[in-house]
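Asks: Next comes the structure file final02.cif, holding mmCIF, C-alpha atoms and all ligand atoms.
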data_structure
loop_
_atom_site.label_atom_id
_atom_site.label_comp_id
_atom_site.auth_asym_id
_atom_site.auth_seq_id
_atom_site.Cartn_x
_atom_site.Cartn_y
_atom_site.Cartn_z
CA MET A 23 -17.51 53.83 37.17
CA LEU A 24 -20.24 56.33 38.00
CA THR A 25 -19.32 59.15 40.37
CA PRO A 26 -21.43 58.99 43.58
CA ILE A 27 -23.68 61.92 42.56
CA ASP A 28 -24.37 60.22 39.22
CA PHE A 29 -25.02 56.94 41.08
CA ILE A 30 -27.65 58.75 43.19
CA TYR A 31 -29.20 60.13 40.01
CA VAL A 32 -29.22 56.83 38.11
CA HIS A 33 -30.74 54.85 41.01
CA ALA A 34 -32.88 57.42 42.81
CA THR A 35 -33.32 61.02 41.68
CA TYR A 36 -33.84 60.21 37.98
CA VAL A 37 -37.57 60.07 38.85
CA LEU A 38 -37.54 63.88 38.82
CA GLN A 39 -36.39 64.10 35.21
CA ASP A 40 -39.92 64.44 33.79
CA GLU A 41 -40.34 67.65 35.81
CA ILE A 42 -36.94 69.26 35.22
CA ASN A 43 -36.71 71.82 32.42
CA SER A 44 -33.43 71.21 30.69
CA ARG A 45 -31.88 72.64 27.54
CA GLN A 46 -29.22 71.36 25.20
CA SER A 47 -25.81 71.79 26.83
CA LEU A 48 -22.96 73.81 25.36
CA PRO A 49 -19.37 72.52 25.29
CA ASP A 50 -18.23 75.19 27.75
CA ASP A 51 -21.04 74.67 30.26
CA VAL A 52 -19.63 73.87 33.71
CA CYS A 53 -21.89 72.65 36.52
CA SER A 54 -21.51 75.07 39.41
CA VAL A 55 -22.18 72.30 41.95
CA CYS A 56 -19.89 69.42 40.90
CA LEU A 57 -17.63 71.72 38.82
CA ARG A 58 -17.48 69.24 35.93
CA GLU A 59 -17.51 70.31 32.29
CA SER A 60 -20.55 69.16 30.33
CA ALA A 61 -18.59 66.44 28.51
CA LYS A 62 -18.03 64.71 31.88
CA TRP A 63 -21.66 64.78 33.02
CA HIS A 64 -23.71 61.60 33.15
CA ASN A 65 -26.16 63.27 30.73
CA PRO A 66 -23.61 65.33 28.78
CA TYR A 67 -26.15 66.88 26.42
CA GLU A 68 -28.63 68.19 29.01
CA ALA A 69 -28.01 71.32 31.08
CA VAL A 70 -30.29 73.15 33.51
CA ASP A 71 -30.30 76.92 33.93
CA PHE A 72 -30.85 77.66 37.59
CA LYS A 73 -31.80 81.04 38.98
CA GLY A 74 -30.87 81.08 42.64
CA TYR A 75 -29.13 84.09 44.17
CA ILE A 76 -27.15 84.16 40.96
CA LYS A 77 -27.66 82.49 37.60
CA GLU A 78 -25.99 79.10 37.46
CA VAL A 79 -25.71 76.08 35.19
CA HIS A 80 -26.30 72.64 36.68
CA CYS A 81 -25.88 69.11 35.39
CA LEU A 82 -29.03 66.99 35.79
CA ALA A 83 -27.59 64.86 38.60
CA CYS A 84 -26.77 67.89 40.75
CA HIS A 85 -29.89 69.78 39.79
CA ALA A 86 -32.09 67.01 41.13
CA LEU A 87 -30.96 68.14 44.61
CA PHE A 88 -32.45 71.60 43.98
CA HIS A 89 -35.64 70.70 42.16
CA PRO A 90 -38.86 71.66 43.99
CA SER A 91 -41.51 68.99 43.50
CA ASP A 92 -45.08 68.99 44.76
CA LYS A 93 -45.78 65.56 43.30
CA TYR A 94 -42.76 63.76 44.76
CA PHE A 95 -41.88 65.71 47.92
CA GLY A 96 -45.01 67.66 48.86
CA ILE A 97 -45.48 71.17 50.18
CA GLU A 98 -42.94 72.77 52.49
CA GLN A 99 -45.03 75.82 53.42
CA TYR A 100 -47.46 78.45 52.13
CA ARG A 101 -45.93 81.89 51.69
CA GLY A 102 -47.42 85.38 51.83
CA ALA A 103 -50.97 86.71 51.93
CA ASN A 104 -51.86 84.74 48.80
CA ARG A 105 -50.59 81.56 50.44
CA VAL A 106 -48.39 80.55 47.53
CA PRO A 107 -47.32 76.92 48.02
CA ILE A 108 -43.55 76.31 48.25
CA PHE A 109 -42.55 72.75 47.36
CA ASN A 110 -39.95 70.64 49.14
CA LYS A 111 -36.53 70.11 47.57
CA LEU A 112 -34.47 67.04 48.38
CA ALA A 113 -31.28 68.76 49.53
CA MET A 114 -33.22 71.34 51.56
CA LEU A 115 -34.60 68.66 53.88
CA LYS A 116 -32.26 69.78 56.62
CA GLY A 117 -31.16 66.98 58.94
CA CYS A 118 -32.73 64.18 56.85
CA GLY A 119 -30.55 61.39 55.42
CA LEU A 120 -30.53 59.24 52.29
CA PHE A 121 -29.44 55.69 51.52
CA VAL A 122 -29.06 54.75 47.84
CA SER A 123 -28.07 51.36 46.49
CA GLU A 124 -28.87 49.61 43.22
CA ARG A 125 -31.61 47.76 45.07
CA ARG A 126 -33.39 50.39 47.14
CA THR A 127 -33.52 54.03 48.18
CA VAL A 128 -34.47 55.02 51.71
CA LEU A 129 -35.06 58.55 52.97
CA PHE A 130 -34.65 59.02 56.73
CA ALA A 131 -36.90 61.90 57.69
CA ASN A 132 -37.02 64.00 60.84
CA LYS A 133 -39.73 66.67 61.21
CA TYR A 134 -40.28 66.57 57.43
CA TYR A 135 -41.76 63.08 57.64
CA GLU A 136 -45.39 64.15 57.67
CA LYS A 137 -45.05 66.64 54.80
CA LEU A 138 -43.19 64.10 52.68
CA SER A 139 -45.70 61.37 53.37
CA LEU A 140 -48.48 63.69 52.15
CA ALA A 141 -46.86 63.95 48.72
CA GLU A 142 -48.93 62.41 45.95
CA LYS A 143 -46.12 60.13 44.82
CA PHE A 144 -43.18 59.99 47.24
CA PRO A 145 -40.77 57.87 45.21
CA TRP A 146 -38.80 55.86 47.82
CA GLU A 147 -39.03 54.12 51.17
CA LEU A 148 -39.67 56.66 53.89
CA VAL A 149 -38.44 56.11 57.46
CA SER A 150 -39.48 58.32 60.35
CA LEU A 151 -36.68 59.25 62.74
CA ASP A 152 -37.68 59.66 66.38
CA LYS A 153 -36.99 63.01 68.01
CA GLY A 154 -33.24 63.45 68.41
CA GLN A 155 -32.47 60.41 66.25
CA MET A 156 -30.20 60.73 63.26
CA THR A 157 -29.74 58.60 60.16
CA SER A 158 -26.61 57.13 61.80
CA ASN A 159 -28.80 55.63 64.54
CA ARG A 160 -30.96 53.74 62.05
CA ILE A 161 -28.82 53.08 59.00
CA LEU A 162 -27.44 49.70 60.10
CA GLU A 163 -30.94 48.19 59.92
CA TYR A 164 -30.99 48.93 56.21
CA LEU A 165 -27.62 47.60 55.15
CA GLY A 166 -27.93 44.43 53.16
CA THR A 167 -25.64 42.68 50.76
CA ASP A 168 -24.98 45.66 48.50
CA ALA A 169 -21.42 45.73 47.21
CA ARG A 170 -21.59 49.51 47.07
CA PHE A 171 -23.99 52.23 48.06
CA VAL A 172 -24.02 55.91 48.97
CA VAL A 173 -25.22 57.33 52.29
CA ILE A 174 -25.90 60.98 53.01
CA GLY A 175 -25.80 61.29 56.80
CA LYS A 176 -27.65 64.59 56.80
CA PHE A 177 -28.63 67.24 54.31
CA ASN A 178 -27.53 70.76 55.07
CA ARG A 179 -27.40 73.99 53.13
CA LYS A 180 -24.04 73.66 51.33
CA LYS A 181 -24.67 71.50 48.29
CA GLU A 182 -21.31 72.00 46.55
CA GLU A 183 -19.50 70.67 49.62
CA LEU A 184 -21.95 67.79 49.97
CA VAL A 185 -21.40 66.67 46.37
CA ALA A 186 -17.61 67.02 46.76
CA ASN A 187 -17.68 64.87 49.92
CA LEU A 188 -19.79 62.02 48.53
CA ARG A 189 -18.09 58.65 48.43
CA TYR A 190 -19.11 55.03 48.09
CA SER A 191 -19.66 52.77 51.07
CA ASN A 192 -19.04 49.03 50.76
CA LYS A 193 -19.70 45.81 52.71
CA SER A 194 -17.11 46.59 55.36
CA SER A 195 -17.09 50.38 55.58
CA LEU A 196 -19.99 52.76 55.78
CA TYR A 197 -19.33 56.43 54.98
CA LEU A 198 -21.82 58.95 56.33
CA CYS A 199 -21.36 61.92 54.00
CA ASP A 200 -22.47 65.48 54.55
CA ASP A 201 -21.27 68.99 53.74
CA ASN A 202 -18.55 68.71 56.41
CA GLY A 203 -16.90 65.52 55.21
CA SER A 204 -17.44 61.78 55.17
CA ASN A 205 -17.19 59.84 58.42
CA GLU A 206 -16.27 56.16 58.32
CA VAL A 207 -18.00 53.48 60.36
CA HIS A 208 -16.41 50.02 60.30
CA ILE A 209 -19.56 47.91 60.06
CA ASP A 210 -18.47 44.62 61.70
CA SER A 211 -16.72 46.17 64.68
CA PHE A 212 -19.60 48.63 65.11
CA LYS A 213 -22.15 45.80 65.29
CA ASN A 214 -19.91 43.85 67.67
CA LEU A 215 -19.46 46.84 69.98
CA GLN A 216 -23.14 47.70 69.81
CA ASN A 217 -23.98 44.19 70.96
CA ILE A 218 -21.52 44.21 73.87
CA LEU A 219 -22.46 47.73 74.97
CA SER A 220 -26.13 46.76 75.10
CA TYR A 221 -25.31 44.52 78.12
CA LYS A 222 -23.36 47.24 79.94
CA THR A 223 -24.65 49.80 82.40
CA LYS A 224 -25.13 53.40 81.40
CA LYS A 225 -22.09 54.34 83.50
CA GLU A 226 -19.88 51.70 81.88
CA VAL A 227 -20.89 52.90 78.42
CA SER A 228 -20.06 56.52 79.19
CA THR A 229 -16.76 55.51 80.86
CA TRP A 230 -15.89 53.48 77.75
CA LYS A 231 -16.69 56.42 75.49
CA ASN A 232 -14.61 58.79 77.61
CA HIS A 233 -11.61 56.42 77.67
CA VAL A 234 -11.67 55.88 73.89
CA ARG A 235 -11.95 59.62 73.43
CA ALA A 236 -9.10 60.42 75.84
CA ILE A 237 -6.76 57.94 74.10
CA CYS A 238 -7.67 59.13 70.58
CA LEU A 239 -7.13 62.76 71.48
CA GLY A 240 -3.87 61.99 73.30
CA LEU A 241 -5.28 63.30 76.59
CA LYS A 242 -4.32 60.07 78.37
CA PRO A 243 -1.88 57.25 77.53
CA PRO A 244 -3.31 53.73 77.05
CA SER A 245 -1.30 52.81 80.17
CA ASP A 246 -3.35 55.17 82.34
CA LYS A 247 -4.21 53.31 85.59
CA LYS A 248 -7.95 53.91 85.42
CA ILE A 249 -8.11 52.82 81.79
CA VAL A 250 -6.12 49.64 82.45
CA LYS A 251 -8.38 48.84 85.39
CA PHE A 252 -11.46 49.40 83.23
CA TRP A 253 -10.17 47.03 80.53
CA GLU A 254 -9.40 44.37 83.17
CA ALA A 255 -13.01 44.50 84.32
CA ASN A 256 -14.34 44.64 80.73
CA LYS A 257 -12.21 42.26 78.66
CA ASP A 258 -14.95 41.80 76.04
CA LEU A 259 -15.09 45.54 75.49
CA GLN A 260 -11.31 45.81 75.27
CA LEU A 261 -11.16 43.14 72.54
CA ALA A 262 -13.98 44.73 70.57
CA THR A 263 -12.42 48.18 70.91
CA ASN A 264 -9.11 46.85 69.61
CA SER A 265 -10.88 45.53 66.52
CA MET A 266 -11.88 49.05 65.47
CA PRO A 267 -9.83 50.62 62.66
CA LEU A 268 -6.71 52.35 63.97
CA ASN A 269 -7.58 55.72 62.48
CA PRO A 270 -8.33 57.92 65.55
CA HIS A 271 -10.86 59.99 63.58
CA THR A 272 -12.85 56.83 62.77
CA ARG A 273 -12.60 55.60 66.38
CA LEU A 274 -13.82 58.92 67.75
CA PHE A 275 -16.75 59.00 65.37
CA MET A 276 -17.75 55.41 66.16
CA ALA A 277 -17.43 56.00 69.92
CA HIS A 278 -19.53 59.13 69.52
CA LEU A 279 -22.29 57.18 67.76
CA LEU A 280 -22.15 54.17 70.08
CA GLY A 281 -21.80 56.19 73.28
CA GLY A 282 -24.71 58.39 72.30
CA GLN A 283 -27.14 55.50 72.25
CA HIS A 284 -27.34 55.36 76.04
CA ASN A 285 -27.17 59.08 76.72
ZN ZN B 301 -23.11 68.71 38.61
#
Could you write out this structure as structure tokens?
Replies:
Amino acid sequence: MLTPIDFIYVHATYVLQDEINSRQSLPDDVCSVCLRESAKWHNPYEAVDFKGYIKEVHCLACHALFHPSDKYFGIEQYRGANRVPIFNKLAMLKGCGLFVSERRTVLFANKYYEKLSLAEKFPWELVSLDKGQMTSNRILEYLGTDARFVVIGKFNRKKEELVANLRYSNKSSLYLCDDNGSNEVHIDSFKNLQNILSYKTKKEVSTWKNHVRAICLGLKPPSDKKIVKFWEANKDLQLATNSMPLNPHTRLFMAHLLGGQHN
């Protein structure tokens, strides 16, 4: 099975290959992003020499994250008195997100939306996030019947960590990956809660979020009087909350996403 970074390359970032200058790999080349030896790369015979702060070797799949492309991603800015154009690079689109399945690739863009849409040949679907919105707020609209897919919740500076944290999502669990980790969202219970919360008042939603948080962090026992009273008045919410995965980290993350929608 393809590793997630190779999956992203095979289904999305391969479009950059005509622009990337590669050389024949050597047996002892190690990619400084995914840390794999050349024999384990998806394209084992092609290496890229990268001159960043230090000289590095990249595999093609990882290098696609670093590749500046005018044609595909447009111009980031003009630098210096001579106004030298600097091109956008995928993994430098800070705060943007990416959905990749065998069927489609969607880039969720924040303030970069306009620059990306000016590119001569932006290669994927481009979604504009409203101010303050994140990929997690919009991703559910794009989930279809894919058995597996990869979602980058947001790009940040640390690419090695991002690649190490990538993992596949499936029909029941969505993983929003970034350079800090990969947060799970249980898709069915999320949709169910989202539906119920949409009928609740702003105050009820924030009380729900606070109660879930307090229980997950062990700040209050589930038998706390106020919590019990809240569940009695909101049976539908209690049932839906109980259907979330038991992992407190997952519950906290889901409550954070769902609670944020009304704030
Ligand atoms: Zn690599």
Asks: Name the residues, by chain letter and number, that sit within 6 Å of ligand ZN 301 (chain B) using all atoms listed in the file, and give them as a count of residues only.
Replies: 7
Asks: Report, in Å to a single decimal, how far apart CA of Pro107 (chain A) and CA of Tyr134 (chain A) are.
Replies: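 CA of Pro107 (chain A) lies at a distance of 15.7 Å from CA of Tyr134 (chain A).
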Asks: Looking at A:Glu136, A:Glu226, A:Glu142, A:Glu147, which one is nearest to Tyr164 (chain A), with distances taken over only C-alpha atoms?
Replies: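 For Tyr164 (chain A), the nearest of the given residues is A:Glu147.
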Asks: My list of candidates is A:Leu219, A:Leu148, A:Leu261, A:Ile237. Which is closest to Gly281 (chain A) when distances are computed with all atoms listed in the file?
Replies: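 Using all atoms listed in the file, the shortest distance to Gly281 (chain A) belongs to A:Leu219.
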Asks: Tell me which protein, DNA and RNA residues are within 10 Å of Leu239 (chain A), counting only C-alpha atoms, leaving out same-chain ones fewer than 6 positions away, and put them as a PyMOL selection string.
Replies: chain A and resi 233+270-271+274
Asks: If you measure from CA of Tyr75 (chain A) to CA of Lys116 (chain A), what distance in Å do you get, rounded to one decimal?
Replies: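 Atom-to-atom, CA of Tyr75 (chain A) to CA of Lys116 (chain A), that is 19.2 Å.
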Asks: Which residues come within 9 Å of Met266 (chain A), counting all atoms listed in the file, excluding same-chain residues fewer than 3 positions away, as number ranges by chain?
Replies: A: 208, 210-212, 262-263, 269, 272-273, 276
Asks: Give me the residues within 10 Å of Ala169 (chain A) as an NGL selection string, counting only C-alpha atoms and dropping any in the same chain fewer than 3 places off.
Replies: :A and (123-124 or 166 or 190-194)
Asks: Closest to Leu112 (chain A) among A:Leu162, A:Val52, A:Leu38, A:Val172, using all atoms listed in the file?
Replies: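 Looking only at the distances to Leu112 (chain A), the closest residue turns out to be A:Leu38.
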Asks: May I have the residues within 10 Å of region 93-105 of chain A as JSON, numbers by chain, using all atoms listed in the file and disregarding those fewer than 3 positions away in the same chain?
Replies: {"A": [37, 38, 41, 89, 90, 108, 109, 110, 111, 112, 114, 115, 134, 136, 137, 138, 139, 140, 141, 142, 143, 144, 145, 146]}
Asks: Taking all atoms of region 27-37 of chain A that the file lists and extending 3 Å past them on each side, where is the centre of the axis-aligned box and how long are its edges? Answer in Å to one decimal, as AutoDock Vina command-line options.
Replies:
--center_x -30.6 --center_y 58.4 --center_z 40.6 --size_x 19.9 --size_y 13.1 --size_z 11.2
Asks: Just add N, CA and C atoms to region 128-155 of chain A and send it as a PDB file, keeping the file's coordinate frame.
Replies:
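Output file part_10.pdb follows:
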ATOM      1  N   VAL A 128     -33.750  54.759  50.465  1.00  0.00           N
ATOM      2  CA  VAL A 128     -34.470  55.020  51.710  1.00  0.00           C
ATOM      3  C   VAL A 128     -34.196  56.458  52.145  1.00  0.00           C
ATOM      4  N   LEU A 129     -35.245  57.206  52.421  1.00  0.00           N
ATOM      5  CA  LEU A 129     -35.060  58.550  52.970  1.00  0.00           C
ATOM      6  C   LEU A 129     -35.393  58.509  54.465  1.00  0.00           C
ATOM      7  N   PHE A 130     -34.458  58.978  55.284  1.00  0.00           N
ATOM      8  CA  PHE A 130     -34.650  59.020  56.730  1.00  0.00           C
ATOM      9  C   PHE A 130     -35.096  60.444  57.081  1.00  0.00           C
ATOM     10  N   ALA A 131     -36.339  60.561  57.527  1.00  0.00           N
ATOM     11  CA  ALA A 131     -36.900  61.900  57.690  1.00  0.00           C
ATOM     12  C   ALA A 131     -37.122  62.262  59.151  1.00  0.00           C
ATOM     13  N   ASN A 132     -36.750  63.473  59.498  1.00  0.00           N
ATOM     14  CA  ASN A 132     -37.020  64.000  60.840  1.00  0.00           C
ATOM     15  C   ASN A 132     -38.398  64.680  60.819  1.00  0.00           C
ATOM     16  N   LYS A 133     -38.434  65.963  61.149  1.00  0.00           N
ATOM     17  CA  LYS A 133     -39.730  66.670  61.210  1.00  0.00           C
ATOM     18  C   LYS A 133     -40.413  66.786  59.856  1.00  0.00           C
ATOM     19  N   TYR A 134     -39.694  66.486  58.774  1.00  0.00           N
ATOM     20  CA  TYR A 134     -40.280  66.570  57.430  1.00  0.00           C
ATOM     21  C   TYR A 134     -41.143  65.352  57.095  1.00  0.00           C
ATOM     22  N   TYR A 135     -41.102  64.348  57.961  1.00  0.00           N
ATOM     23  CA  TYR A 135     -41.760  63.080  57.640  1.00  0.00           C
ATOM     24  C   TYR A 135     -43.226  63.259  57.192  1.00  0.00           C
ATOM     25  N   GLU A 136     -43.969  64.019  57.968  1.00  0.00           N
ATOM     26  CA  GLU A 136     -45.390  64.150  57.670  1.00  0.00           C
ATOM     27  C   GLU A 136     -45.627  64.823  56.309  1.00  0.00           C
ATOM     28  N   LYS A 137     -44.881  65.929  56.070  1.00  0.00           N
ATOM     29  CA  LYS A 137     -45.050  66.640  54.800  1.00  0.00           C
ATOM     30  C   LYS A 137     -44.691  65.753  53.612  1.00  0.00           C
ATOM     31  N   LEU A 138     -43.606  64.977  53.772  1.00  0.00           N
ATOM     32  CA  LEU A 138     -43.190  64.100  52.680  1.00  0.00           C
ATOM     33  C   LEU A 138     -44.214  62.993  52.448  1.00  0.00           C
ATOM     34  N   SER A 139     -44.768  62.481  53.544  1.00  0.00           N
ATOM     35  CA  SER A 139     -45.700  61.370  53.370  1.00  0.00           C
ATOM     36  C   SER A 139     -47.032  61.845  52.780  1.00  0.00           C
ATOM     37  N   LEU A 140     -47.260  63.159  52.776  1.00  0.00           N
ATOM     38  CA  LEU A 140     -48.480  63.690  52.150  1.00  0.00           C
ATOM     39  C   LEU A 140     -48.315  63.896  50.643  1.00  0.00           C
ATOM     40  N   ALA A 141     -47.087  63.768  50.153  1.00  0.00           N
ATOM     41  CA  ALA A 141     -46.860  63.950  48.720  1.00  0.00           C
ATOM     42  C   ALA A 141     -47.643  62.903  47.934  1.00  0.00           C
ATOM     43  N   GLU A 142     -48.097  63.308  46.766  1.00  0.00           N
ATOM     44  CA  GLU A 142     -48.930  62.410  45.950  1.00  0.00           C
ATOM     45  C   GLU A 142     -48.169  61.130  45.584  1.00  0.00           C
ATOM     46  N   LYS A 143     -46.866  61.284  45.317  1.00  0.00           N
ATOM     47  CA  LYS A 143     -46.120  60.130  44.820  1.00  0.00           C
ATOM     48  C   LYS A 143     -44.687  60.122  45.365  1.00  0.00           C
ATOM     49  N   PHE A 144     -44.542  60.048  46.693  1.00  0.00           N
ATOM     50  CA  PHE A 144     -43.180  59.990  47.240  1.00  0.00           C
ATOM     51  C   PHE A 144     -42.498  58.763  46.635  1.00  0.00           C
ATOM     52  N   PRO A 145     -41.302  58.930  46.056  1.00  0.00           N
ATOM     53  CA  PRO A 145     -40.770  57.870  45.210  1.00  0.00           C
ATOM     54  C   PRO A 145     -40.000  56.731  45.894  1.00  0.00           C
ATOM     55  N   TRP A 146     -39.673  56.857  47.176  1.00  0.00           N
ATOM     56  CA  TRP A 146     -38.800  55.860  47.820  1.00  0.00           C
ATOM     57  C   TRP A 146     -39.385  55.359  49.121  1.00  0.00           C
ATOM     58  N   GLU A 147     -38.613  54.525  49.824  1.00  0.00           N
ATOM     59  CA  GLU A 147     -39.030  54.120  51.170  1.00  0.00           C
ATOM     60  C   GLU A 147     -38.822  55.319  52.089  1.00  0.00           C
ATOM     61  N   LEU A 148     -39.746  55.511  52.992  1.00  0.00           N
ATOM     62  CA  LEU A 148     -39.670  56.660  53.890  1.00  0.00           C
ATOM     63  C   LEU A 148     -39.636  56.156  55.335  1.00  0.00           C
ATOM     64  N   VAL A 149     -38.598  56.546  56.070  1.00  0.00           N
ATOM     65  CA  VAL A 149     -38.440  56.110  57.460  1.00  0.00           C
ATOM     66  C   VAL A 149     -38.556  57.335  58.362  1.00  0.00           C
ATOM     67  N   SER A 150     -39.316  57.205  59.416  1.00  0.00           N
ATOM     68  CA  SER A 150     -39.480  58.320  60.350  1.00  0.00           C
ATOM     69  C   SER A 150     -38.449  58.204  61.481  1.00  0.00           C
ATOM     70  N   LEU A 151     -37.636  59.229  61.634  1.00  0.00           N
ATOM     71  CA  LEU A 151     -36.680  59.250  62.740  1.00  0.00           C
ATOM     72  C   LEU A 151     -37.387  59.770  63.985  1.00  0.00           C
ATOM     73  N   ASP A 152     -37.120  59.146  65.132  1.00  0.00           N
ATOM     74  CA  ASP A 152     -37.680  59.660  66.380  1.00  0.00           C
ATOM     75  C   ASP A 152     -36.997  60.971  66.711  1.00  0.00           C
ATOM     76  N   LYS A 153     -37.567  61.729  67.623  1.00  0.00           N
ATOM     77  CA  LYS A 153     -36.990  63.010  68.010  1.00  0.00           C
ATOM     78  C   LYS A 153     -35.551  62.797  68.505  1.00  0.00           C
ATOM     79  N   GLY A 154     -34.635  63.556  67.980  1.00  0.00           N
ATOM     80  CA  GLY A 154     -33.240  63.450  68.410  1.00  0.00           C
ATOM     81  C   GLY A 154     -32.459  62.362  67.687  1.00  0.00           C
ATOM     82  N   GLN A 155     -33.163  61.470  66.994  1.00  0.00           N
ATOM     83  CA  GLN A 155     -32.470  60.410  66.250  1.00  0.00           C
ATOM     84  C   GLN A 155     -31.881  60.965  64.961  1.00  0.00           C
TER      85      GLN A 155
END
